[in-house]
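Novice: So here's data_10.pdb (PDB, N, CA and C atoms, pLDDT in the B column).
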```pdb
ATOM      1  N   MET A 131     -75.396  17.868   1.154  1.00 50.00           N
ATOM      2  CA  MET A 131     -76.263  17.467   2.243  1.00 50.00           C
ATOM      3  C   MET A 131     -77.358  16.561   1.680  1.00 50.00           C
ATOM      4  N   SER A 132     -77.656  15.504   2.379  1.00 76.00           N
ATOM      5  CA  SER A 132     -78.643  14.561   1.871  1.00 76.00           C
ATOM      6  C   SER A 132     -80.037  14.901   2.386  1.00 76.00           C
ATOM      7  N   SER A 133     -81.003  14.555   1.580  1.00 90.00           N
ATOM      8  CA  SER A 133     -82.391  14.815   1.945  1.00 90.00           C
ATOM      9  C   SER A 133     -82.952  13.637   2.734  1.00 90.00           C
ATOM     10  N   PRO A 134     -84.035  13.863   3.486  1.00 93.00           N
ATOM     11  CA  PRO A 134     -84.674  12.753   4.193  1.00 93.00           C
ATOM     12  C   PRO A 134     -85.149  11.652   3.243  1.00 93.00           C
ATOM     13  N   VAL A 135     -85.582  12.035   2.051  1.00 94.00           N
ATOM     14  CA  VAL A 135     -86.042  11.042   1.073  1.00 94.00           C
ATOM     15  C   VAL A 135     -84.870  10.165   0.635  1.00 94.00           C
ATOM     16  N   LEU A 136     -83.726  10.782   0.403  1.00 94.00           N
ATOM     17  CA  LEU A 136     -82.537  10.026   0.008  1.00 94.00           C
ATOM     18  C   LEU A 136     -82.096   9.092   1.131  1.00 94.00           C
ATOM     19  N   GLU A 137     -82.081   9.594   2.352  1.00 94.00           N
ATOM     20  CA  GLU A 137     -81.678   8.761   3.488  1.00 94.00           C
ATOM     21  C   GLU A 137     -82.630   7.583   3.686  1.00 94.00           C
ATOM     22  N   ALA A 138     -83.926   7.832   3.537  1.00 95.00           N
ATOM     23  CA  ALA A 138     -84.910   6.756   3.683  1.00 95.00           C
ATOM     24  C   ALA A 138     -84.741   5.714   2.578  1.00 95.00           C
ATOM     25  N   TYR A 139     -84.463   6.169   1.368  1.00 96.00           N
ATOM     26  CA  TYR A 139     -84.272   5.228   0.263  1.00 96.00           C
ATOM     27  C   TYR A 139     -82.995   4.406   0.458  1.00 96.00           C
ATOM     28  N   LEU A 140     -81.938   5.027   0.938  1.00 94.00           N
ATOM     29  CA  LEU A 140     -80.716   4.282   1.226  1.00 94.00           C
ATOM     30  C   LEU A 140     -80.966   3.209   2.278  1.00 94.00           C
ATOM     31  N   ALA A 141     -81.718   3.559   3.331  1.00 93.00           N
ATOM     32  CA  ALA A 141     -82.050   2.566   4.364  1.00 93.00           C
ATOM     33  C   ALA A 141     -82.821   1.404   3.749  1.00 93.00           C
ATOM     34  N   LEU A 142     -83.725   1.720   2.841  1.00 95.00           N
ATOM     35  CA  LEU A 142     -84.494   0.678   2.154  1.00 95.00           C
ATOM     36  C   LEU A 142     -83.570  -0.215   1.321  1.00 95.00           C
ATOM     37  N   LEU A 143     -82.613   0.396   0.645  1.00 96.00           N
ATOM     38  CA  LEU A 143     -81.677  -0.386  -0.166  1.00 96.00           C
ATOM     39  C   LEU A 143     -80.823  -1.307   0.700  1.00 96.00           C
ATOM     40  N   TYR A 144     -80.489  -0.858   1.899  1.00 95.00           N
ATOM     41  CA  TYR A 144     -79.687  -1.685   2.800  1.00 95.00           C
ATOM     42  C   TYR A 144     -80.489  -2.851   3.382  1.00 95.00           C
ATOM     43  N   THR A 145     -81.801  -2.695   3.493  1.00 94.00           N
ATOM     44  CA  THR A 145     -82.588  -3.689   4.219  1.00 94.00           C
ATOM     45  C   THR A 145     -83.533  -4.522   3.367  1.00 94.00           C
ATOM     46  N   ASP A 146     -83.830  -4.115   2.166  1.00 95.00           N
ATOM     47  CA  ASP A 146     -84.810  -4.827   1.330  1.00 95.00           C
ATOM     48  C   ASP A 146     -84.107  -5.390   0.093  1.00 95.00           C
ATOM     49  N   GLU A 147     -83.956  -6.706   0.084  1.00 95.00           N
ATOM     50  CA  GLU A 147     -83.208  -7.351  -1.004  1.00 95.00           C
ATOM     51  C   GLU A 147     -83.850  -7.134  -2.371  1.00 95.00           C
ATOM     52  N   ALA A 148     -85.163  -7.202  -2.443  1.00 97.00           N
ATOM     53  CA  ALA A 148     -85.848  -7.019  -3.732  1.00 97.00           C
ATOM     54  C   ALA A 148     -85.664  -5.592  -4.252  1.00 97.00           C
ATOM     55  N   LYS A 149     -85.783  -4.614  -3.369  1.00 97.00           N
ATOM     56  CA  LYS A 149     -85.591  -3.204  -3.780  1.00 97.00           C
ATOM     57  C   LYS A 149     -84.142  -2.973  -4.205  1.00 97.00           C
ATOM     58  N   ARG A 150     -83.209  -3.576  -3.474  1.00 97.00           N
ATOM     59  CA  ARG A 150     -81.796  -3.433  -3.819  1.00 97.00           C
ATOM     60  C   ARG A 150     -81.524  -4.056  -5.193  1.00 97.00           C
ATOM     61  N   HIS A 151     -82.084  -5.238  -5.452  1.00 97.00           N
ATOM     62  CA  HIS A 151     -81.895  -5.899  -6.740  1.00 97.00           C
ATOM     63  C   HIS A 151     -82.458  -5.021  -7.872  1.00 97.00           C
ATOM     64  N   ALA A 152     -83.657  -4.487  -7.669  1.00 98.00           N
ATOM     65  CA  ALA A 152     -84.257  -3.621  -8.692  1.00 98.00           C
ATOM     66  C   ALA A 152     -83.394  -2.385  -8.921  1.00 98.00           C
ATOM     67  N   PHE A 153     -82.875  -1.804  -7.842  1.00 98.00           N
ATOM     68  CA  PHE A 153     -82.019  -0.633  -7.960  1.00 98.00           C
ATOM     69  C   PHE A 153     -80.759  -0.964  -8.748  1.00 98.00           C
ATOM     70  N   LEU A 154     -80.153  -2.105  -8.455  1.00 97.00           N
ATOM     71  CA  LEU A 154     -78.921  -2.469  -9.148  1.00 97.00           C
ATOM     72  C   LEU A 154     -79.151  -2.715 -10.635  1.00 97.00           C
ATOM     73  N   GLN A 155     -80.363  -3.083 -11.019  1.00 97.00           N
ATOM     74  CA  GLN A 155     -80.691  -3.295 -12.428  1.00 97.00           C
ATOM     75  C   GLN A 155     -80.903  -1.969 -13.169  1.00 97.00           C
ATOM     76  N   ALA A 156     -81.522  -1.004 -12.491  1.00 97.00           N
ATOM     77  CA  ALA A 156     -81.822   0.297 -13.111  1.00 97.00           C
ATOM     78  C   ALA A 156     -81.759   1.380 -12.033  1.00 97.00           C
ATOM     79  N   PRO A 157     -80.563   1.783 -11.635  1.00 97.00           N
ATOM     80  CA  PRO A 157     -80.415   2.662 -10.478  1.00 97.00           C
ATOM     81  C   PRO A 157     -81.125   4.004 -10.600  1.00 97.00           C
ATOM     82  N   GLN A 158     -80.913   4.693 -11.672  1.00 97.00           N
ATOM     83  CA  GLN A 158     -81.488   6.029 -11.792  1.00 97.00           C
ATOM     84  C   GLN A 158     -83.011   5.969 -11.866  1.00 97.00           C
ATOM     85  N   ALA A 159     -83.543   5.044 -12.635  1.00 97.00           N
ATOM     86  CA  ALA A 159     -84.997   4.919 -12.768  1.00 97.00           C
ATOM     87  C   ALA A 159     -85.636   4.560 -11.432  1.00 97.00           C
ATOM     88  N   GLN A 160     -85.036   3.637 -10.710  1.00 97.00           N
ATOM     89  CA  GLN A 160     -85.590   3.240  -9.409  1.00 97.00           C
ATOM     90  C   GLN A 160     -85.529   4.390  -8.408  1.00 97.00           C
ATOM     91  N   ALA A 161     -84.432   5.120  -8.411  1.00 97.00           N
ATOM     92  CA  ALA A 161     -84.302   6.256  -7.492  1.00 97.00           C
ATOM     93  C   ALA A 161     -85.363   7.307  -7.782  1.00 97.00           C
ATOM     94  N   LEU A 162     -85.607   7.579  -9.047  1.00 97.00           N
ATOM     95  CA  LEU A 162     -86.647   8.549  -9.415  1.00 97.00           C
ATOM     96  C   LEU A 162     -88.028   8.059  -8.986  1.00 97.00           C
ATOM     97  N   GLN A 163     -88.284   6.766  -9.146  1.00 97.00           N
ATOM     98  CA  GLN A 163     -89.576   6.197  -8.749  1.00 97.00           C
ATOM     99  C   GLN A 163     -89.801   6.305  -7.248  1.00 97.00           C
ATOM    100  N   HIS A 164     -88.719   6.369  -6.469  1.00 96.00           N
ATOM    101  CA  HIS A 164     -88.845   6.461  -5.013  1.00 96.00           C
ATOM    102  C   HIS A 164     -88.777   7.900  -4.505  1.00 96.00           C
ATOM    103  N   GLY A 165     -88.933   8.863  -5.410  1.00 96.00           N
ATOM    104  CA  GLY A 165     -89.093  10.251  -5.010  1.00 96.00           C
ATOM    105  C   GLY A 165     -87.833  11.078  -4.909  1.00 96.00           C
ATOM    106  N   LEU A 166     -86.710  10.559  -5.368  1.00 96.00           N
ATOM    107  CA  LEU A 166     -85.485  11.347  -5.338  1.00 96.00           C
ATOM    108  C   LEU A 166     -85.499  12.368  -6.465  1.00 96.00           C
ATOM    109  N   SER A 167     -84.809  13.466  -6.266  1.00 95.00           N
ATOM    110  CA  SER A 167     -84.700  14.474  -7.319  1.00 95.00           C
ATOM    111  C   SER A 167     -83.818  13.921  -8.429  1.00 95.00           C
ATOM    112  N   PRO A 168     -83.898  14.505  -9.622  1.00 96.00           N
ATOM    113  CA  PRO A 168     -83.032  14.028 -10.708  1.00 96.00           C
ATOM    114  C   PRO A 168     -81.539  14.087 -10.342  1.00 96.00           C
ATOM    115  N   GLN A 169     -81.130  15.114  -9.601  1.00 96.00           N
ATOM    116  CA  GLN A 169     -79.730  15.235  -9.195  1.00 96.00           C
ATOM    117  C   GLN A 169     -79.362  14.132  -8.191  1.00 96.00           C
ATOM    118  N   GLU A 170     -80.255  13.873  -7.241  1.00 96.00           N
ATOM    119  CA  GLU A 170     -80.000  12.808  -6.266  1.00 96.00           C
ATOM    120  C   GLU A 170     -79.967  11.445  -6.945  1.00 96.00           C
ATOM    121  N   ALA A 171     -80.884  11.226  -7.882  1.00 96.00           N
ATOM    122  CA  ALA A 171     -80.936   9.951  -8.605  1.00 96.00           C
ATOM    123  C   ALA A 171     -79.654   9.729  -9.395  1.00 96.00           C
ATOM    124  N   LEU A 172     -79.167  10.778 -10.031  1.00 96.00           N
ATOM    125  CA  LEU A 172     -77.929  10.677 -10.797  1.00 96.00           C
ATOM    126  C   LEU A 172     -76.754  10.382  -9.877  1.00 96.00           C
ATOM    127  N   ALA A 173     -76.688  11.062  -8.744  1.00 94.00           N
ATOM    128  CA  ALA A 173     -75.603  10.837  -7.790  1.00 94.00           C
ATOM    129  C   ALA A 173     -75.680   9.421  -7.203  1.00 94.00           C
ATOM    130  N   LEU A 174     -76.884   8.972  -6.873  1.00 95.00           N
ATOM    131  CA  LEU A 174     -77.036   7.642  -6.289  1.00 95.00           C
ATOM    132  C   LEU A 174     -76.715   6.545  -7.301  1.00 95.00           C
ATOM    133  N   ALA A 175     -76.956   6.817  -8.577  1.00 96.00           N
ATOM    134  CA  ALA A 175     -76.639   5.832  -9.610  1.00 96.00           C
ATOM    135  C   ALA A 175     -75.136   5.548  -9.664  1.00 96.00           C
ATOM    136  N   ALA A 176     -74.332   6.476  -9.153  1.00 96.00           N
ATOM    137  CA  ALA A 176     -72.877   6.307  -9.159  1.00 96.00           C
ATOM    138  C   ALA A 176     -72.361   5.632  -7.884  1.00 96.00           C
ATOM    139  N   ILE A 177     -73.267   5.123  -7.050  1.00 95.00           N
ATOM    140  CA  ILE A 177     -72.872   4.506  -5.781  1.00 95.00           C
ATOM    141  C   ILE A 177     -71.965   3.304  -6.023  1.00 95.00           C
ATOM    142  N   ASP A 178     -71.109   3.041  -5.077  1.00 96.00           N
ATOM    143  CA  ASP A 178     -70.251   1.853  -5.113  1.00 96.00           C
ATOM    144  C   ASP A 178     -71.158   0.635  -4.908  1.00 96.00           C
ATOM    145  N   ARG A 179     -71.437  -0.083  -5.957  1.00 96.00           N
ATOM    146  CA  ARG A 179     -72.389  -1.206  -5.897  1.00 96.00           C
ATOM    147  C   ARG A 179     -71.888  -2.348  -5.021  1.00 96.00           C
ATOM    148  N   ILE A 180     -70.615  -2.654  -5.104  1.00 96.00           N
ATOM    149  CA  ILE A 180     -70.069  -3.716  -4.261  1.00 96.00           C
ATOM    150  C   ILE A 180     -70.160  -3.301  -2.803  1.00 96.00           C
ATOM    151  N   GLY A 181     -69.865  -2.043  -2.519  1.00 96.00           N
ATOM    152  CA  GLY A 181     -69.975  -1.530  -1.153  1.00 96.00           C
ATOM    153  C   GLY A 181     -71.407  -1.585  -0.639  1.00 96.00           C
ATOM    154  N   LEU A 182     -72.368  -1.282  -1.505  1.00 96.00           N
ATOM    155  CA  LEU A 182     -73.779  -1.346  -1.125  1.00 96.00           C
ATOM    156  C   LEU A 182     -74.165  -2.773  -0.735  1.00 96.00           C
ATOM    157  N   VAL A 183     -73.784  -3.726  -1.549  1.00 96.00           N
ATOM    158  CA  VAL A 183     -74.116  -5.132  -1.281  1.00 96.00           C
ATOM    159  C   VAL A 183     -73.414  -5.614  -0.015  1.00 96.00           C
ATOM    160  N   MET A 184     -72.157  -5.233   0.161  1.00 96.00           N
ATOM    161  CA  MET A 184     -71.416  -5.644   1.357  1.00 96.00           C
ATOM    162  C   MET A 184     -72.008  -5.022   2.622  1.00 96.00           C
ATOM    163  N   ALA A 185     -72.382  -3.752   2.548  1.00 94.00           N
ATOM    164  CA  ALA A 185     -72.982  -3.096   3.712  1.00 94.00           C
ATOM    165  C   ALA A 185     -74.314  -3.746   4.060  1.00 94.00           C
ATOM    166  N   ALA A 186     -75.110  -4.063   3.060  1.00 95.00           N
ATOM    167  CA  ALA A 186     -76.406  -4.713   3.298  1.00 95.00           C
ATOM    168  C   ALA A 186     -76.203  -6.070   3.968  1.00 95.00           C
ATOM    169  N   ALA A 187     -75.208  -6.826   3.514  1.00 95.00           N
ATOM    170  CA  ALA A 187     -74.923  -8.133   4.124  1.00 95.00           C
ATOM    171  C   ALA A 187     -74.464  -7.967   5.567  1.00 95.00           C
ATOM    172  N   SER A 188     -73.664  -6.948   5.822  1.00 93.00           N
ATOM    173  CA  SER A 188     -73.189  -6.687   7.179  1.00 93.00           C
ATOM    174  C   SER A 188     -74.347  -6.317   8.103  1.00 93.00           C
ATOM    175  N   PHE A 189     -75.230  -5.449   7.625  1.00 89.00           N
ATOM    176  CA  PHE A 189     -76.388  -5.055   8.439  1.00 89.00           C
ATOM    177  C   PHE A 189     -77.292  -6.255   8.710  1.00 89.00           C
ATOM    178  N   ARG A 190     -77.488  -7.105   7.698  1.00 90.00           N
ATOM    179  CA  ARG A 190     -78.323  -8.295   7.861  1.00 90.00           C
ATOM    180  C   ARG A 190     -77.713  -9.222   8.917  1.00 90.00           C
ATOM    181  N   HIS A 191     -76.403  -9.388   8.871  1.00 87.00           N
ATOM    182  CA  HIS A 191     -75.699 -10.232   9.845  1.00 87.00           C
ATOM    183  C   HIS A 191     -75.841  -9.657  11.255  1.00 87.00           C
ATOM    184  N   LYS A 192     -75.691  -8.352  11.387  1.00 86.00           N
ATOM    185  CA  LYS A 192     -75.817  -7.710  12.705  1.00 86.00           C
ATOM    186  C   LYS A 192     -77.228  -7.846  13.254  1.00 86.00           C
ATOM    187  N   ARG A 193     -78.239  -7.679  12.393  1.00 80.00           N
ATOM    188  CA  ARG A 193     -79.627  -7.832  12.845  1.00 80.00           C
ATOM    189  C   ARG A 193     -79.887  -9.254  13.304  1.00 80.00           C
ATOM    190  N   ALA A 194     -79.366 -10.225  12.561  1.00 82.00           N
ATOM    191  CA  ALA A 194     -79.567 -11.632  12.924  1.00 82.00           C
ATOM    192  C   ALA A 194     -78.877 -11.945  14.246  1.00 82.00           C
ATOM    193  N   ALA A 195     -77.674 -11.428  14.435  1.00 79.00           N
ATOM    194  CA  ALA A 195     -76.951 -11.664  15.690  1.00 79.00           C
ATOM    195  C   ALA A 195     -77.689 -11.021  16.856  1.00 79.00           C
ATOM    196  N   HIS A 196     -78.201  -9.838  16.637  1.00 75.00           N
ATOM    197  CA  HIS A 196     -78.951  -9.153  17.695  1.00 75.00           C
ATOM    198  C   HIS A 196     -80.214  -9.938  18.042  1.00 75.00           C
ATOM    199  N   ALA A 197     -80.879 -10.466  17.041  1.00 74.00           N
ATOM    200  CA  ALA A 197     -82.110 -11.227  17.280  1.00 74.00           C
ATOM    201  C   ALA A 197     -81.820 -12.510  18.060  1.00 74.00           C
ATOM    202  N   ARG A 198     -80.667 -13.123  17.804  1.00 73.00           N
ATOM    203  CA  ARG A 198     -80.313 -14.345  18.530  1.00 73.00           C
ATOM    204  C   ARG A 198     -80.036 -14.073  19.999  1.00 73.00           C
ATOM    205  N   HIS A 199     -79.494 -12.893  20.286  1.00 71.00           N
ATOM    206  CA  HIS A 199     -79.121 -12.563  21.658  1.00 71.00           C
ATOM    207  C   HIS A 199     -80.188 -11.765  22.398  1.00 71.00           C
ATOM    208  N   ALA A 200     -81.241 -11.408  21.716  1.00 67.00           N
ATOM    209  CA  ALA A 200     -82.299 -10.618  22.352  1.00 67.00           C
ATOM    210  C   ALA A 200     -83.006 -11.458  23.408  1.00 67.00           C
ATOM    211  N   LYS A 201     -83.236 -10.851  24.511  1.00 66.00           N
ATOM    212  CA  LYS A 201     -83.911 -11.531  25.612  1.00 66.00           C
ATOM    213  C   LYS A 201     -85.414 -11.574  25.316  1.00 66.00           C
ATOM    214  N   PRO A 202     -86.031 -12.739  25.430  1.00 65.00           N
ATOM    215  CA  PRO A 202     -87.471 -12.798  25.169  1.00 65.00           C
ATOM    216  C   PRO A 202     -88.234 -11.969  26.210  1.00 65.00           C
ATOM    217  N   ARG A 203     -89.237 -11.278  25.765  1.00 70.00           N
ATOM    218  CA  ARG A 203     -90.026 -10.445  26.661  1.00 70.00           C
ATOM    219  C   ARG A 203     -90.966 -11.295  27.484  1.00 70.00           C
ATOM    220  N   GLN A 204     -91.044 -10.970  28.729  1.00 70.00           N
ATOM    221  CA  GLN A 204     -91.974 -11.657  29.610  1.00 70.00           C
ATOM    222  C   GLN A 204     -93.287 -10.880  29.644  1.00 70.00           C
ATOM    223  N   SER A 205     -94.332 -11.609  29.928  1.00 78.00           N
ATOM    224  CA  SER A 205     -95.626 -10.951  30.044  1.00 78.00           C
ATOM    225  C   SER A 205     -95.636 -10.085  31.295  1.00 78.00           C
ATOM    226  N   TRP A 206     -96.510  -9.121  31.324  1.00 73.00           N
ATOM    227  CA  TRP A 206     -96.587  -8.236  32.499  1.00 73.00           C
ATOM    228  C   TRP A 206     -96.970  -9.030  33.742  1.00 73.00           C
ATOM    229  N   TRP A 207     -97.732 -10.080  33.526  1.00 71.00           N
ATOM    230  CA  TRP A 207     -98.164 -10.894  34.661  1.00 71.00           C
ATOM    231  C   TRP A 207     -96.973 -11.632  35.284  1.00 71.00           C
ATOM    232  N   ARG A 208     -96.130 -12.209  34.453  1.00 77.00           N
ATOM    233  CA  ARG A 208     -94.955 -12.930  34.955  1.00 77.00           C
ATOM    234  C   ARG A 208     -93.992 -11.970  35.657  1.00 77.00           C
ATOM    235  N   ARG A 209     -93.811 -10.772  35.108  1.00 74.00           N
ATOM    236  CA  ARG A 209     -92.928  -9.792  35.761  1.00 74.00           C
ATOM    237  C   ARG A 209     -93.488  -9.405  37.129  1.00 74.00           C
ATOM    238  N   LEU A 210     -94.775  -9.232  37.222  1.00 73.00           N
ATOM    239  CA  LEU A 210     -95.404  -8.883  38.496  1.00 73.00           C
ATOM    240  C   LEU A 210     -95.219 -10.006  39.505  1.00 73.00           C
ATOM    241  N   MET A 211     -95.399 -11.246  39.061  1.00 75.00           N
ATOM    242  CA  MET A 211     -95.260 -12.383  39.961  1.00 75.00           C
ATOM    243  C   MET A 211     -93.815 -12.540  40.457  1.00 75.00           C
ATOM    244  N   GLU A 212     -92.851 -12.231  39.606  1.00 79.00           N
ATOM    245  CA  GLU A 212     -91.445 -12.342  40.000  1.00 79.00           C
ATOM    246  C   GLU A 212     -91.092 -11.329  41.087  1.00 79.00           C
ATOM    247  N   ARG A 213     -91.762 -10.206  41.105  1.00 77.00           N
ATOM    248  CA  ARG A 213     -91.500  -9.186  42.139  1.00 77.00           C
ATOM    249  C   ARG A 213     -91.951  -9.666  43.516  1.00 77.00           C
ATOM    250  N   TRP A 214     -92.932 -10.540  43.539  1.00 74.00           N
ATOM    251  CA  TRP A 214     -93.479 -11.022  44.808  1.00 74.00           C
ATOM    252  C   TRP A 214     -92.675 -12.167  45.382  1.00 74.00           C
ATOM    253  N   HIS A 215     -91.806 -12.770  44.589  1.00 65.00           N
ATOM    254  CA  HIS A 215     -91.043 -13.929  45.073  1.00 65.00           C
ATOM    255  C   HIS A 215     -89.597 -13.610  45.320  1.00 65.00           C
TER     256      HIS A 215
END
```
Rewrite the structure from the file as structure tokens, please.
Specialist:
Amino acid sequence: MSSPVLEAYLALLYTDEAKRHAFLQAPQAQALQHGLSPQEALALAAIDRIGLVMAAASFRHKRAAHARHAKPRQSWWRRLMERWH
């Protein structure tokens, strides 16, 4: 079972290129610095590195696609005016 600290660090690795690069250079040391237990750090050091990089690229692509299709928010004033017309 994974801890909240481990899950939060994994999310960081998927979304932060600099943190991911540092982790790939020294996985166990970086995991320990981010509050993982020695057992979690050792287990995370054995992660599929290619899979980590591919997943991060996929998430980045999905976020970018979502941002392109996101509807711009209207001001409350414009929404109110549209109700009257």
Novice: Using only C-alpha atoms, which of the listed residues (A:Leu136, A:Ala186, A:Leu142, A:Ala148) sits closest to Gln169 (chain A)?
Specialist: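 Nearest candidate to Gln169 (chain A) out of A:Leu136, A:Ala186, A:Leu142, A:Ala148: A:Leu136.
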Novice: What's the separation between CA of Gly165 (chain A) and CA of Ile180 (chain A), in Å to one decimal place?
Specialist: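 Pair CA of Gly165 (chain A) / CA of Ile180 (chain A) returns 23.6 Å.
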Novice: What does the distance between CA of Arg190 (chain A) and atom C of Leu143 (chain A) come to in Å, to one decimal place?
Specialist: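 That distance, rounded to one decimal, is 10.3 Å.
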Novice: Tell me which protein, DNA and RNA residues are within 12 Å of Leu174 (chain A), counting only C-alpha atoms, leaving out same-chain ones fewer than 4 positions away, and put them as an mmCIF file with N, CA and C atoms, in the coordinates of the input.
Specialist:
```cif
data_model
loop_
_atom_site.group_PDB
_atom_site.id
_atom_site.type_symbol
_atom_site.label_atom_id
_atom_site.label_comp_id
_atom_site.auth_asym_id
_atom_site.auth_seq_id
_atom_site.Cartn_x
_atom_site.Cartn_y
_atom_site.Cartn_z
ATOM 1 N N SER A 132 -77.656 15.504 2.379
ATOM 2 C CA SER A 132 -78.643 14.561 1.871
ATOM 3 C C SER A 132 -80.037 14.901 2.386
ATOM 4 N N LEU A 136 -83.726 10.782 0.403
ATOM 5 C CA LEU A 136 -82.537 10.026 0.008
ATOM 6 C C LEU A 136 -82.096 9.092 1.131
ATOM 7 N N GLU A 137 -82.081 9.594 2.352
ATOM 8 C CA GLU A 137 -81.678 8.761 3.488
ATOM 9 C C GLU A 137 -82.630 7.583 3.686
ATOM 10 N N TYR A 139 -84.463 6.169 1.368
ATOM 11 C CA TYR A 139 -84.272 5.228 0.263
ATOM 12 C C TYR A 139 -82.995 4.406 0.458
ATOM 13 N N LEU A 140 -81.938 5.027 0.938
ATOM 14 C CA LEU A 140 -80.716 4.282 1.226
ATOM 15 C C LEU A 140 -80.966 3.209 2.278
ATOM 16 N N LEU A 143 -82.613 0.396 0.645
ATOM 17 C CA LEU A 143 -81.677 -0.386 -0.166
ATOM 18 C C LEU A 143 -80.823 -1.307 0.700
ATOM 19 N N PHE A 153 -82.875 -1.804 -7.842
ATOM 20 C CA PHE A 153 -82.019 -0.633 -7.960
ATOM 21 C C PHE A 153 -80.759 -0.964 -8.748
ATOM 22 N N LEU A 154 -80.153 -2.105 -8.455
ATOM 23 C CA LEU A 154 -78.921 -2.469 -9.148
ATOM 24 C C LEU A 154 -79.151 -2.715 -10.635
ATOM 25 N N ALA A 156 -81.522 -1.004 -12.491
ATOM 26 C CA ALA A 156 -81.822 0.297 -13.111
ATOM 27 C C ALA A 156 -81.759 1.380 -12.033
ATOM 28 N N PRO A 157 -80.563 1.783 -11.635
ATOM 29 C CA PRO A 157 -80.415 2.662 -10.478
ATOM 30 C C PRO A 157 -81.125 4.004 -10.600
ATOM 31 N N GLN A 158 -80.913 4.693 -11.672
ATOM 32 C CA GLN A 158 -81.488 6.029 -11.792
ATOM 33 C C GLN A 158 -83.011 5.969 -11.866
ATOM 34 N N ALA A 159 -83.543 5.044 -12.635
ATOM 35 C CA ALA A 159 -84.997 4.919 -12.768
ATOM 36 C C ALA A 159 -85.636 4.560 -11.432
ATOM 37 N N GLN A 160 -85.036 3.637 -10.710
ATOM 38 C CA GLN A 160 -85.590 3.240 -9.409
ATOM 39 C C GLN A 160 -85.529 4.390 -8.408
ATOM 40 N N ALA A 161 -84.432 5.120 -8.411
ATOM 41 C CA ALA A 161 -84.302 6.256 -7.492
ATOM 42 C C ALA A 161 -85.363 7.307 -7.782
ATOM 43 N N LEU A 162 -85.607 7.579 -9.047
ATOM 44 C CA LEU A 162 -86.647 8.549 -9.415
ATOM 45 C C LEU A 162 -88.028 8.059 -8.986
ATOM 46 N N HIS A 164 -88.719 6.369 -6.469
ATOM 47 C CA HIS A 164 -88.845 6.461 -5.013
ATOM 48 C C HIS A 164 -88.777 7.900 -4.505
ATOM 49 N N LEU A 166 -86.710 10.559 -5.368
ATOM 50 C CA LEU A 166 -85.485 11.347 -5.338
ATOM 51 C C LEU A 166 -85.499 12.368 -6.465
ATOM 52 N N SER A 167 -84.809 13.466 -6.266
ATOM 53 C CA SER A 167 -84.700 14.474 -7.319
ATOM 54 C C SER A 167 -83.818 13.921 -8.429
ATOM 55 N N PRO A 168 -83.898 14.505 -9.622
ATOM 56 C CA PRO A 168 -83.032 14.028 -10.708
ATOM 57 C C PRO A 168 -81.539 14.087 -10.342
ATOM 58 N N GLN A 169 -81.130 15.114 -9.601
ATOM 59 C CA GLN A 169 -79.730 15.235 -9.195
ATOM 60 C C GLN A 169 -79.362 14.132 -8.191
ATOM 61 N N GLU A 170 -80.255 13.873 -7.241
ATOM 62 C CA GLU A 170 -80.000 12.808 -6.266
ATOM 63 C C GLU A 170 -79.967 11.445 -6.945
ATOM 64 N N ASP A 178 -71.109 3.041 -5.077
ATOM 65 C CA ASP A 178 -70.251 1.853 -5.113
ATOM 66 C C ASP A 178 -71.158 0.635 -4.908
ATOM 67 N N ARG A 179 -71.437 -0.083 -5.957
ATOM 68 C CA ARG A 179 -72.389 -1.206 -5.897
ATOM 69 C C ARG A 179 -71.888 -2.348 -5.021
ATOM 70 N N LEU A 182 -72.368 -1.282 -1.505
ATOM 71 C CA LEU A 182 -73.779 -1.346 -1.125
ATOM 72 C C LEU A 182 -74.165 -2.773 -0.735
#
```
Novice: So what do you get for atom N of Ala171 (chain A) versus CA of Ala138 (chain A), distance-wise?
Specialist: 13.0 Å
Novice: Please return, as JSON, numbers by chain, all residues of chain A that DSSP assigns to helix (DSSP H, G or I) on the basis of the backbone.
Specialist: {"A": [134, 135, 136, 137, 138, 139, 140, 141, 142, 143, 144, 145, 147, 148, 149, 150, 151, 152, 153, 154, 155, 157, 158, 159, 160, 161, 162, 163, 168, 169, 170, 171, 172, 173, 174, 175, 179, 180, 181, 182, 183, 184, 185, 186, 187, 188, 189, 190, 191, 192, 193, 194, 195, 196, 197, 198, 199, 206, 207, 208, 209, 210, 211, 212, 213, 214]}
Novice: Around region 144-149 of chain A, with edges along x, y and z and 6 Å added on all six sides, what centre and edge lengths do you get, in Å to one decimal, as JSON?
Specialist:
```
{"center_x": -82.8, "center_y": -4.1, "center_z": 0.0, "size_x": 18.2, "size_y": 18.5, "size_z": 20.5}
```
